[in-house]
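A.B. asks: Structure file query07.cif, mmCIF, C-alpha atoms, is pasted below:
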```cif
data_final
#
loop_
_atom_site.group_PDB
_atom_site.id
_atom_site.type_symbol
_atom_site.label_atom_id
_atom_site.label_comp_id
_atom_site.auth_asym_id
_atom_site.auth_seq_id
_atom_site.Cartn_x
_atom_site.Cartn_y
_atom_site.Cartn_z
ATOM 1 C CA MET Q 1 -6.161 8.293 -29.957
ATOM 2 C CA ILE Q 2 -8.069 6.469 -32.728
ATOM 3 C CA ASN Q 3 -8.429 2.658 -32.919
ATOM 4 C CA GLN Q 4 -6.860 1.923 -29.555
ATOM 5 C CA ASN Q 5 -7.475 -1.502 -28.113
ATOM 6 C CA PRO Q 6 -8.784 -1.847 -24.504
ATOM 7 C CA GLU Q 7 -5.302 -2.552 -23.120
ATOM 8 C CA GLN Q 8 -3.870 0.614 -24.678
ATOM 9 C CA ILE Q 9 -6.757 2.678 -23.298
ATOM 10 C CA ALA Q 10 -6.132 1.267 -19.830
ATOM 11 C CA ARG Q 11 -2.429 2.106 -20.019
ATOM 12 C CA ASP Q 12 -3.165 5.653 -21.172
ATOM 13 C CA ASN Q 13 -5.402 6.102 -18.122
ATOM 14 C CA ILE Q 14 -2.742 4.612 -15.860
ATOM 15 C CA ASP Q 15 -0.133 6.970 -17.340
ATOM 16 C CA LYS Q 16 -2.387 9.946 -16.562
ATOM 17 C CA GLN Q 17 -2.962 8.789 -12.983
ATOM 18 C CA LEU Q 18 0.743 8.198 -12.400
ATOM 19 C CA THR Q 19 1.660 11.625 -13.769
ATOM 20 C CA ALA Q 20 -0.989 13.300 -11.614
ATOM 21 C CA CYS Q 21 0.465 11.541 -8.560
ATOM 22 C CA GLY Q 22 3.997 12.801 -9.191
ATOM 23 C CA TRP Q 23 5.490 9.901 -11.148
ATOM 24 C CA GLN Q 24 7.463 10.326 -14.347
ATOM 25 C CA VAL Q 25 6.459 7.653 -16.875
ATOM 26 C CA GLN Q 26 9.297 6.430 -19.095
ATOM 27 C CA SER Q 27 9.760 3.785 -21.772
ATOM 28 C CA MET Q 28 12.240 0.925 -21.471
ATOM 29 C CA ALA Q 29 14.213 2.429 -24.374
ATOM 30 C CA LYS Q 30 14.653 5.817 -22.693
ATOM 31 C CA ILE Q 31 15.302 5.222 -19.014
ATOM 32 C CA ASN Q 32 16.690 7.968 -16.804
ATOM 33 C CA LEU Q 33 16.144 6.853 -13.226
ATOM 34 C CA SER Q 34 17.873 9.948 -11.849
ATOM 35 C CA SER Q 35 15.472 12.359 -13.560
ATOM 36 C CA CYS Q 36 13.180 12.584 -10.515
ATOM 37 C CA LEU Q 37 12.267 10.829 -7.270
ATOM 38 C CA GLY Q 38 9.637 8.498 -8.707
ATOM 39 C CA VAL Q 39 9.950 6.848 -12.121
ATOM 40 C CA ALA Q 40 7.517 4.343 -13.647
ATOM 41 C CA VAL Q 41 9.099 2.366 -16.499
ATOM 42 C CA ARG Q 42 6.774 0.739 -19.025
ATOM 43 C CA GLU Q 43 7.398 -2.825 -20.234
ATOM 44 C CA TYR Q 44 10.433 -3.391 -18.029
ATOM 45 C CA LEU Q 45 12.054 -6.733 -18.834
ATOM 46 C CA THR Q 46 12.065 -9.472 -16.193
ATOM 47 C CA ASP Q 47 12.943 -13.158 -16.210
ATOM 48 C CA VAL Q 48 9.210 -13.983 -16.456
ATOM 49 C CA GLY Q 49 8.466 -11.518 -19.239
ATOM 50 C CA PRO Q 50 7.967 -7.752 -19.483
ATOM 51 C CA ALA Q 51 6.194 -6.146 -16.523
ATOM 52 C CA ASP Q 52 3.657 -3.515 -17.547
ATOM 53 C CA TYR Q 53 5.269 -0.977 -15.178
ATOM 54 C CA VAL Q 54 8.121 -1.154 -12.694
ATOM 55 C CA LEU Q 55 8.239 1.621 -10.095
ATOM 56 C CA PHE Q 56 11.543 3.141 -8.994
ATOM 57 C CA ILE Q 57 12.203 5.390 -5.990
ATOM 58 C CA ASP Q 58 15.572 7.185 -5.990
ATOM 59 C CA GLY Q 59 16.710 4.833 -8.749
ATOM 60 C CA LYS Q 60 15.823 1.664 -6.819
ATOM 61 C CA ALA Q 61 12.998 -0.671 -7.906
ATOM 62 C CA CYS Q 62 10.238 -0.916 -5.314
ATOM 63 C CA GLY Q 63 7.056 -2.068 -7.028
ATOM 64 C CA VAL Q 64 5.131 -3.123 -10.096
ATOM 65 C CA ILE Q 65 1.845 -2.290 -11.773
ATOM 66 C CA GLU Q 66 -0.022 -4.983 -13.665
ATOM 67 C CA ALA Q 67 -2.335 -3.301 -16.190
ATOM 68 C CA LYS Q 68 -5.651 -4.847 -17.216
ATOM 69 C CA ARG Q 69 -8.368 -3.661 -19.549
ATOM 70 C CA GLU Q 70 -11.375 -1.961 -17.964
ATOM 71 C CA GLU Q 71 -13.622 -4.957 -18.683
ATOM 72 C CA GLU Q 72 -11.581 -6.948 -16.152
ATOM 73 C CA GLY Q 73 -12.616 -4.630 -13.327
ATOM 74 C CA HIS Q 74 -15.322 -6.944 -11.958
ATOM 75 C CA ARG Q 75 -12.799 -9.762 -11.472
ATOM 76 C CA ILE Q 76 -9.578 -7.856 -11.047
ATOM 77 C CA ASN Q 77 -8.647 -9.891 -7.980
ATOM 78 C CA ILE Q 78 -7.912 -12.980 -10.109
ATOM 79 C CA HIS Q 79 -4.867 -11.170 -11.541
ATOM 80 C CA GLU Q 80 -3.200 -10.565 -8.164
ATOM 81 C CA GLU Q 81 -0.999 -13.650 -8.455
ATOM 82 C CA GLN Q 82 0.312 -12.410 -11.793
ATOM 83 C CA GLY Q 83 1.316 -9.095 -10.236
ATOM 84 C CA GLU Q 84 2.999 -10.922 -7.362
ATOM 85 C CA ASN Q 85 4.976 -13.075 -9.805
ATOM 86 C CA TYR Q 86 6.401 -9.956 -11.469
ATOM 87 C CA ALA Q 87 7.264 -8.499 -8.050
ATOM 88 C CA LYS Q 88 9.223 -11.672 -7.222
ATOM 89 C CA SER Q 89 10.958 -11.836 -10.598
ATOM 90 C CA GLN Q 90 14.510 -10.815 -11.450
ATOM 91 C CA LEU Q 91 14.661 -7.489 -13.268
ATOM 92 C CA LYS Q 92 16.997 -7.156 -16.234
ATOM 93 C CA TYR Q 93 20.276 -5.329 -15.469
ATOM 94 C CA LEU Q 94 19.509 -5.392 -11.726
ATOM 95 C CA LYS Q 95 20.178 -7.677 -8.776
ATOM 96 C CA ASN Q 96 16.932 -6.990 -6.964
ATOM 97 C CA GLN Q 97 15.174 -8.533 -4.025
ATOM 98 C CA PRO Q 98 11.392 -9.156 -4.305
ATOM 99 C CA LEU Q 99 9.577 -5.832 -4.663
ATOM 100 C CA PRO Q 100 7.160 -4.959 -1.841
ATOM 101 C CA PHE Q 101 4.511 -2.849 -3.598
ATOM 102 C CA VAL Q 102 2.127 -4.342 -6.154
ATOM 103 C CA TYR Q 103 -0.759 -2.668 -7.975
ATOM 104 C CA ILE Q 104 -3.327 -4.254 -10.286
ATOM 105 C CA SER Q 105 -5.033 -1.526 -12.309
ATOM 106 C CA THR Q 106 -7.543 -1.060 -15.101
ATOM 107 C CA GLY Q 107 -6.949 2.681 -15.160
ATOM 108 C CA LYS Q 108 -10.295 2.987 -13.366
ATOM 109 C CA ILE Q 109 -9.935 0.482 -10.530
ATOM 110 C CA ASN Q 110 -6.704 0.091 -8.572
ATOM 111 C CA ARG Q 111 -5.915 -2.668 -6.087
ATOM 112 C CA PHE Q 112 -2.794 -2.457 -3.931
ATOM 113 C CA THR Q 113 -0.821 -4.971 -1.870
ATOM 114 C CA ASN Q 114 2.026 -4.176 0.495
ATOM 115 C CA PHE Q 115 4.094 -7.342 0.814
ATOM 116 C CA ASN Q 116 5.910 -5.897 3.827
ATOM 117 C CA ASP Q 117 2.738 -6.600 5.813
ATOM 118 C CA PRO Q 118 2.771 -9.738 8.001
ATOM 119 C CA LYS Q 119 -0.331 -11.023 6.172
ATOM 120 C CA PRO Q 120 -0.375 -9.204 2.806
ATOM 121 C CA ARG Q 121 -3.807 -8.589 1.356
ATOM 122 C CA ALA Q 122 -4.961 -6.568 -1.623
ATOM 123 C CA HIS Q 123 -7.362 -3.689 -1.153
ATOM 124 C CA GLU Q 124 -8.800 -1.050 -3.429
ATOM 125 C CA VAL Q 125 -7.210 2.411 -3.438
ATOM 126 C CA PHE Q 126 -8.506 5.587 -5.064
ATOM 127 C CA ASN Q 127 -5.229 6.284 -6.834
ATOM 128 C CA PHE Q 128 -1.574 5.340 -6.933
ATOM 129 C CA HIS Q 129 0.485 6.431 -3.938
ATOM 130 C CA ARG Q 130 2.834 9.328 -4.449
ATOM 131 C CA PRO Q 131 6.582 8.586 -4.674
ATOM 132 C CA GLU Q 132 7.117 10.442 -1.391
ATOM 133 C CA THR Q 133 4.682 8.101 0.358
ATOM 134 C CA LEU Q 134 6.384 4.941 -0.866
ATOM 135 C CA GLN Q 135 9.757 6.463 -0.011
ATOM 136 C CA GLU Q 136 8.569 7.085 3.552
ATOM 137 C CA TRP Q 137 7.328 3.496 3.858
ATOM 138 C CA LEU Q 138 10.615 2.127 2.569
ATOM 139 C CA LYS Q 139 12.590 4.204 5.069
ATOM 140 C CA ALA Q 140 10.339 3.075 7.927
ATOM 141 C CA GLY Q 141 11.340 -0.538 7.315
ATOM 142 C CA LYS Q 142 8.380 -2.144 9.054
ATOM 143 C CA SER Q 143 4.880 -1.506 7.741
ATOM 144 C CA ILE Q 144 2.235 -0.149 10.100
ATOM 145 C CA ARG Q 145 0.570 -3.587 10.269
ATOM 146 C CA THR Q 146 3.885 -5.123 11.294
ATOM 147 C CA ARG Q 147 4.398 -2.468 13.954
ATOM 148 C CA LEU Q 148 0.917 -3.151 15.307
ATOM 149 C CA LEU Q 149 2.136 -6.614 16.274
ATOM 150 C CA ASP Q 150 4.783 -5.009 18.475
ATOM 151 C CA LEU Q 151 2.410 -2.951 20.618
ATOM 152 C CA PRO Q 152 3.190 -3.367 24.332
ATOM 153 C CA ALA Q 153 0.470 -3.795 26.919
ATOM 154 C CA LEU Q 154 -1.889 -0.852 27.379
ATOM 155 C CA PRO Q 155 -1.315 1.153 30.597
ATOM 156 C CA ILE Q 156 -4.646 1.147 32.392
ATOM 157 C CA GLU Q 157 -4.167 4.152 34.682
ATOM 158 C CA LYS Q 158 -7.030 6.662 34.346
ATOM 159 C CA LEU Q 159 -8.972 4.284 32.122
ATOM 160 C CA ARG Q 160 -12.296 2.673 32.972
ATOM 161 C CA ASP Q 161 -12.845 -1.056 32.567
ATOM 162 C CA CYS Q 162 -15.042 -0.537 29.495
ATOM 163 C CA GLN Q 163 -12.398 1.687 27.896
ATOM 164 C CA ILE Q 164 -9.661 -0.857 28.572
ATOM 165 C CA SER Q 165 -11.785 -3.604 27.046
ATOM 166 C CA ALA Q 166 -12.656 -1.527 23.974
ATOM 167 C CA ILE Q 167 -9.067 -0.476 23.240
ATOM 168 C CA ASN Q 168 -7.601 -3.947 23.807
ATOM 169 C CA LYS Q 169 -10.192 -5.575 21.564
ATOM 170 C CA LEU Q 170 -9.589 -2.969 18.875
ATOM 171 C CA GLU Q 171 -5.853 -3.663 19.008
ATOM 172 C CA THR Q 172 -6.563 -7.387 18.739
ATOM 173 C CA SER Q 173 -8.706 -6.733 15.681
ATOM 174 C CA PHE Q 174 -5.888 -4.763 14.028
ATOM 175 C CA LYS Q 175 -3.282 -7.415 14.894
ATOM 176 C CA GLU Q 176 -5.464 -10.108 13.330
ATOM 177 C CA ASN Q 177 -5.631 -8.104 10.091
ATOM 178 C CA ARG Q 178 -9.275 -7.142 10.596
ATOM 179 C CA PRO Q 179 -9.153 -3.362 10.032
ATOM 180 C CA LYS Q 180 -12.907 -2.788 10.375
ATOM 181 C CA ALA Q 181 -14.325 -2.836 13.896
ATOM 182 C CA LEU Q 182 -17.328 -1.444 15.766
ATOM 183 C CA ILE Q 183 -17.152 -0.227 19.360
ATOM 184 C CA GLN Q 184 -20.400 0.189 21.294
ATOM 185 C CA MET Q 185 -20.312 2.029 24.608
ATOM 186 C CA ALA Q 186 -23.059 3.438 26.785
ATOM 187 C CA THR Q 187 -23.719 7.172 27.172
ATOM 188 C CA GLY Q 188 -21.328 8.682 29.710
ATOM 189 C CA SER Q 189 -18.876 5.794 29.587
ATOM 190 C CA GLY Q 190 -16.055 7.835 28.016
ATOM 191 C CA LYS Q 191 -16.488 7.225 24.284
ATOM 192 C CA THR Q 192 -14.711 10.435 23.283
ATOM 193 C CA PHE Q 193 -11.640 9.698 25.374
ATOM 194 C CA THR Q 194 -11.594 6.135 24.053
ATOM 195 C CA ALA Q 195 -11.855 7.351 20.462
ATOM 196 C CA ILE Q 196 -9.008 9.844 20.923
ATOM 197 C CA THR Q 197 -6.865 7.112 22.434
ATOM 198 C CA PHE Q 198 -7.372 4.520 19.715
ATOM 199 C CA MET Q 199 -7.050 7.099 16.910
ATOM 200 C CA SER Q 200 -3.520 7.646 18.177
ATOM 201 C CA LEU Q 201 -2.804 4.015 17.290
ATOM 202 C CA SER Q 202 -2.466 4.987 13.638
ATOM 203 C CA GLN Q 203 0.786 6.760 14.538
ATOM 204 C CA ILE Q 204 1.839 4.027 16.982
ATOM 205 C CA PRO Q 205 3.729 6.325 19.374
ATOM 206 C CA PRO Q 206 5.499 4.920 22.447
ATOM 207 C CA ARG Q 207 3.122 3.839 25.176
ATOM 208 C CA ASN Q 208 4.535 6.471 27.552
ATOM 209 C CA SER Q 209 3.370 9.186 25.150
ATOM 210 C CA SER Q 210 0.998 11.777 26.592
ATOM 211 C CA LYS Q 211 -1.473 10.741 23.877
ATOM 212 C CA PHE Q 212 -2.188 7.667 25.965
ATOM 213 C CA LEU Q 213 -2.509 9.386 29.334
#
```
Would you encode the structure as structure tokens?

C.D. replies:
Amino acid sequence: MINQNPEQIARDNIDKQLTACGWQVQSMAKINLSSCLGVAVREYLTDVGPADYVLFIDGKACGVIEAKREEEGHRINIHEEQGENYAKSQLKYLKNQPLPFVYISTGKINRFTNFNDPKPRAHEVFNFHRPETLQEWLKAGKSIRTRLLDLPALPIEKLRDCQISAINKLETSFKENRPKALIQMATGSGKTFTAITFMSLSQIPPRNSSKFL
């Protein structure tokens, strides 16, 4: 469109991303939350002002998107508090609890925070999550980072000392909200078996699962 300001351009790009990810974008004046699983409502009214987008899953509010012009991309993190304030606000016509999912987006750069995490932190994502993904997270109740805190002790049968040490330290790293970790093990020490074991952590199955034996 001609003569759009930077904010309008950013919102057009966000609309395109949302649509590509399975969301239906609606205006505040024409809301139909039952039209599909995931609905993103523009300029939804809250008690702290209109939120750029409020996300609904099965008709229930679950998140917000704070839109910023592309020029803000290099310092997008400074707007995270603003997004959080909208997520904690009271939505018009609804009696909502604080919303768990918050995005800050320029239409080019997207940062996401899951406030169901024990220590919420924003991180960059390639795109918005699909409605089905957020629905699955809502049904799960606890986020994966929360469930990591509940891991029982590792059974050490059939594991070497170096494997036990590597897996336990990796779990500690995850529990302390440090998702990046490096494991160094000597040739022949069982790196492949260790890798298979800790990759299973992403699903967090019961410790008596065959994946850990």

A.B. asks: With range 191-198 of chain Q as the partner and 9 Å as the cut-off, tabulate the residues of range 90-168 of chain Q that qualify, each row holding the nearest pair of atoms and their distance in Å to one decimal, using only C-alpha atoms, sorted by chain and rising number, as JSON lines.

C.D. replies:
```
{"residue": "Q:Leu159", "atom": "CA", "partner": "Q:Thr194", "partner_atom": "CA", "distance": 8.7}
{"residue": "Q:Gln163", "atom": "CA", "partner": "Q:Thr194", "partner_atom": "CA", "distance": 5.9}
{"residue": "Q:Ile164", "atom": "CA", "partner": "Q:Thr194", "partner_atom": "CA", "distance": 8.5}
{"residue": "Q:Ala166", "atom": "CA", "partner": "Q:Thr194", "partner_atom": "CA", "distance": 7.7}
{"residue": "Q:Ile167", "atom": "CA", "partner": "Q:Phe198", "partner_atom": "CA", "distance": 6.3}
```

A.B. asks: For Ile57 in chain Q, which residue among Q:Ile156, Q:Ala29, Q:Leu134, Q:Ile9 is the nearest when counting only C-alpha atoms?

C.D. replies: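 Nearest candidate to Ile57 in chain Q out of Q:Ile156, Q:Ala29, Q:Leu134, Q:Ile9: Q:Leu134.
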
A.B. asks: Which residues fall under the PyMOL selection byres ((chain Q and resi 74-84) around 10) in this file, as a PDB file with C-alpha atoms, in the coordinates of the input?

C.D. replies:
```pdb
ATOM      1  CA  ALA Q  51       6.194  -6.146 -16.523  1.00  0.00           C
ATOM      2  CA  ASP Q  52       3.657  -3.515 -17.547  1.00  0.00           C
ATOM      3  CA  GLY Q  63       7.056  -2.068  -7.028  1.00  0.00           C
ATOM      4  CA  VAL Q  64       5.131  -3.123 -10.096  1.00  0.00           C
ATOM      5  CA  ILE Q  65       1.845  -2.290 -11.773  1.00  0.00           C
ATOM      6  CA  GLU Q  66      -0.022  -4.983 -13.665  1.00  0.00           C
ATOM      7  CA  ALA Q  67      -2.335  -3.301 -16.190  1.00  0.00           C
ATOM      8  CA  LYS Q  68      -5.651  -4.847 -17.216  1.00  0.00           C
ATOM      9  CA  ARG Q  69      -8.368  -3.661 -19.549  1.00  0.00           C
ATOM     10  CA  GLU Q  70     -11.375  -1.961 -17.964  1.00  0.00           C
ATOM     11  CA  GLU Q  71     -13.622  -4.957 -18.683  1.00  0.00           C
ATOM     12  CA  GLU Q  72     -11.581  -6.948 -16.152  1.00  0.00           C
ATOM     13  CA  GLY Q  73     -12.616  -4.630 -13.327  1.00  0.00           C
ATOM     14  CA  ASN Q  85       4.976 -13.075  -9.805  1.00  0.00           C
ATOM     15  CA  TYR Q  86       6.401  -9.956 -11.469  1.00  0.00           C
ATOM     16  CA  ALA Q  87       7.264  -8.499  -8.050  1.00  0.00           C
ATOM     17  CA  LYS Q  88       9.223 -11.672  -7.222  1.00  0.00           C
ATOM     18  CA  SER Q  89      10.958 -11.836 -10.598  1.00  0.00           C
ATOM     19  CA  PRO Q  98      11.392  -9.156  -4.305  1.00  0.00           C
ATOM     20  CA  LEU Q  99       9.577  -5.832  -4.663  1.00  0.00           C
ATOM     21  CA  PRO Q 100       7.160  -4.959  -1.841  1.00  0.00           C
ATOM     22  CA  PHE Q 101       4.511  -2.849  -3.598  1.00  0.00           C
ATOM     23  CA  VAL Q 102       2.127  -4.342  -6.154  1.00  0.00           C
ATOM     24  CA  TYR Q 103      -0.759  -2.668  -7.975  1.00  0.00           C
ATOM     25  CA  ILE Q 104      -3.327  -4.254 -10.286  1.00  0.00           C
ATOM     26  CA  SER Q 105      -5.033  -1.526 -12.309  1.00  0.00           C
ATOM     27  CA  THR Q 106      -7.543  -1.060 -15.101  1.00  0.00           C
ATOM     28  CA  ILE Q 109      -9.935   0.482 -10.530  1.00  0.00           C
ATOM     29  CA  ASN Q 110      -6.704   0.091  -8.572  1.00  0.00           C
ATOM     30  CA  ARG Q 111      -5.915  -2.668  -6.087  1.00  0.00           C
ATOM     31  CA  PHE Q 112      -2.794  -2.457  -3.931  1.00  0.00           C
ATOM     32  CA  THR Q 113      -0.821  -4.971  -1.870  1.00  0.00           C
ATOM     33  CA  PHE Q 115       4.094  -7.342   0.814  1.00  0.00           C
ATOM     34  CA  ARG Q 121      -3.807  -8.589   1.356  1.00  0.00           C
ATOM     35  CA  ALA Q 122      -4.961  -6.568  -1.623  1.00  0.00           C
ATOM     36  CA  HIS Q 123      -7.362  -3.689  -1.153  1.00  0.00           C
ATOM     37  CA  GLU Q 124      -8.800  -1.050  -3.429  1.00  0.00           C
TER      38      GLU Q 124
END
```

A.B. asks: Go through Q:Lys95, Q:His129, Q:Arg160, Q:Lys119 one by one, measure the shortest atom-to-atom distance of each to Gln17 in chain Q using only C-alpha atoms, and give the residue with the smallest value.

C.D. replies: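 Closest candidate: Q:His129.
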
A.B. asks: Separation of CA of Leu138 in chain Q and CA of Glu176 in chain Q, in Å?

C.D. replies: 22.9 Å

A.B. asks: Hey, what comes out of the PyMOL selection byres ((chain Q and resi 118) around 9) on this file? Could you write it as number ranges by chain?

C.D. replies: Q: 115-117, 119-120, 143, 145-146, 149, 177

A.B. asks: Suppose we keep C-alpha atoms; can you now write the selection as an mmCIF file, in the frame of the given file?

C.D. replies:
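Below is the file out-v4.cif, written as the result:
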```cif
data_model
loop_
_atom_site.group_PDB
_atom_site.id
_atom_site.type_symbol
_atom_site.label_atom_id
_atom_site.label_comp_id
_atom_site.auth_asym_id
_atom_site.auth_seq_id
_atom_site.Cartn_x
_atom_site.Cartn_y
_atom_site.Cartn_z
ATOM 1 C CA PHE Q 115 4.094 -7.342 0.814
ATOM 2 C CA ASN Q 116 5.910 -5.897 3.827
ATOM 3 C CA ASP Q 117 2.738 -6.600 5.813
ATOM 4 C CA LYS Q 119 -0.331 -11.023 6.172
ATOM 5 C CA PRO Q 120 -0.375 -9.204 2.806
ATOM 6 C CA SER Q 143 4.880 -1.506 7.741
ATOM 7 C CA ARG Q 145 0.570 -3.587 10.269
ATOM 8 C CA THR Q 146 3.885 -5.123 11.294
ATOM 9 C CA LEU Q 149 2.136 -6.614 16.274
ATOM 10 C CA ASN Q 177 -5.631 -8.104 10.091
#
```

A.B. asks: Rounded to one decimal place, report the CA of Lys92 in chain Q-CA of Leu33 in chain Q distance in Å.

C.D. replies: 14.4 Å

A.B. asks: Can you measure CA of Cys36 in chain Q to CA of Ala140 in chain Q for me? One decimal in Å is fine.

C.D. replies: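 Interatomic distance here is 20.9 Å.
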
A.B. asks: Emit as JSON the padded axis-aligned box for all listed atoms of range 37-49 of chain Q, 6 Å per side, with centre and edge lengths in Å to one decimal.

C.D. replies:
```
{"center_x": 9.9, "center_y": -1.6, "center_z": -13.8, "size_x": 18.2, "size_y": 36.8, "size_z": 25.0}
```

A.B. asks: Restricting the calculation to only C-alpha atoms, which member of Q:Leu170, Q:Ile183, Q:Leu18, Q:Cys62 is positioned closest to Trp137 in chain Q?

C.D. replies: Q:Cys62

A.B. asks: Between Q:Val25, Q:Ala181, Q:Leu91, Q:Cys162, which is the closest to Tyr44 in chain Q once you count all atoms listed in the file?

C.D. replies: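 Among Q:Val25, Q:Ala181, Q:Leu91, Q:Cys162, it is Q:Leu91 that comes nearest to Tyr44 in chain Q.
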
A.B. asks: Which is closest to Glu136 in chain Q among Q:Glu171, Q:Glu7, Q:Asp58, Q:Asp150, if we use only C-alpha atoms?

C.D. replies: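 Using only C-alpha atoms, the shortest distance to Glu136 in chain Q belongs to Q:Asp58.
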
A.B. asks: Which residue, Q:Gly49, Q:Gly38, Q:Gly190, Q:Gly141, has the smallest gap to Phe128 in chain Q when you use only C-alpha atoms?

C.D. replies: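 So, comparing all the options, the nearest one is Q:Gly38.
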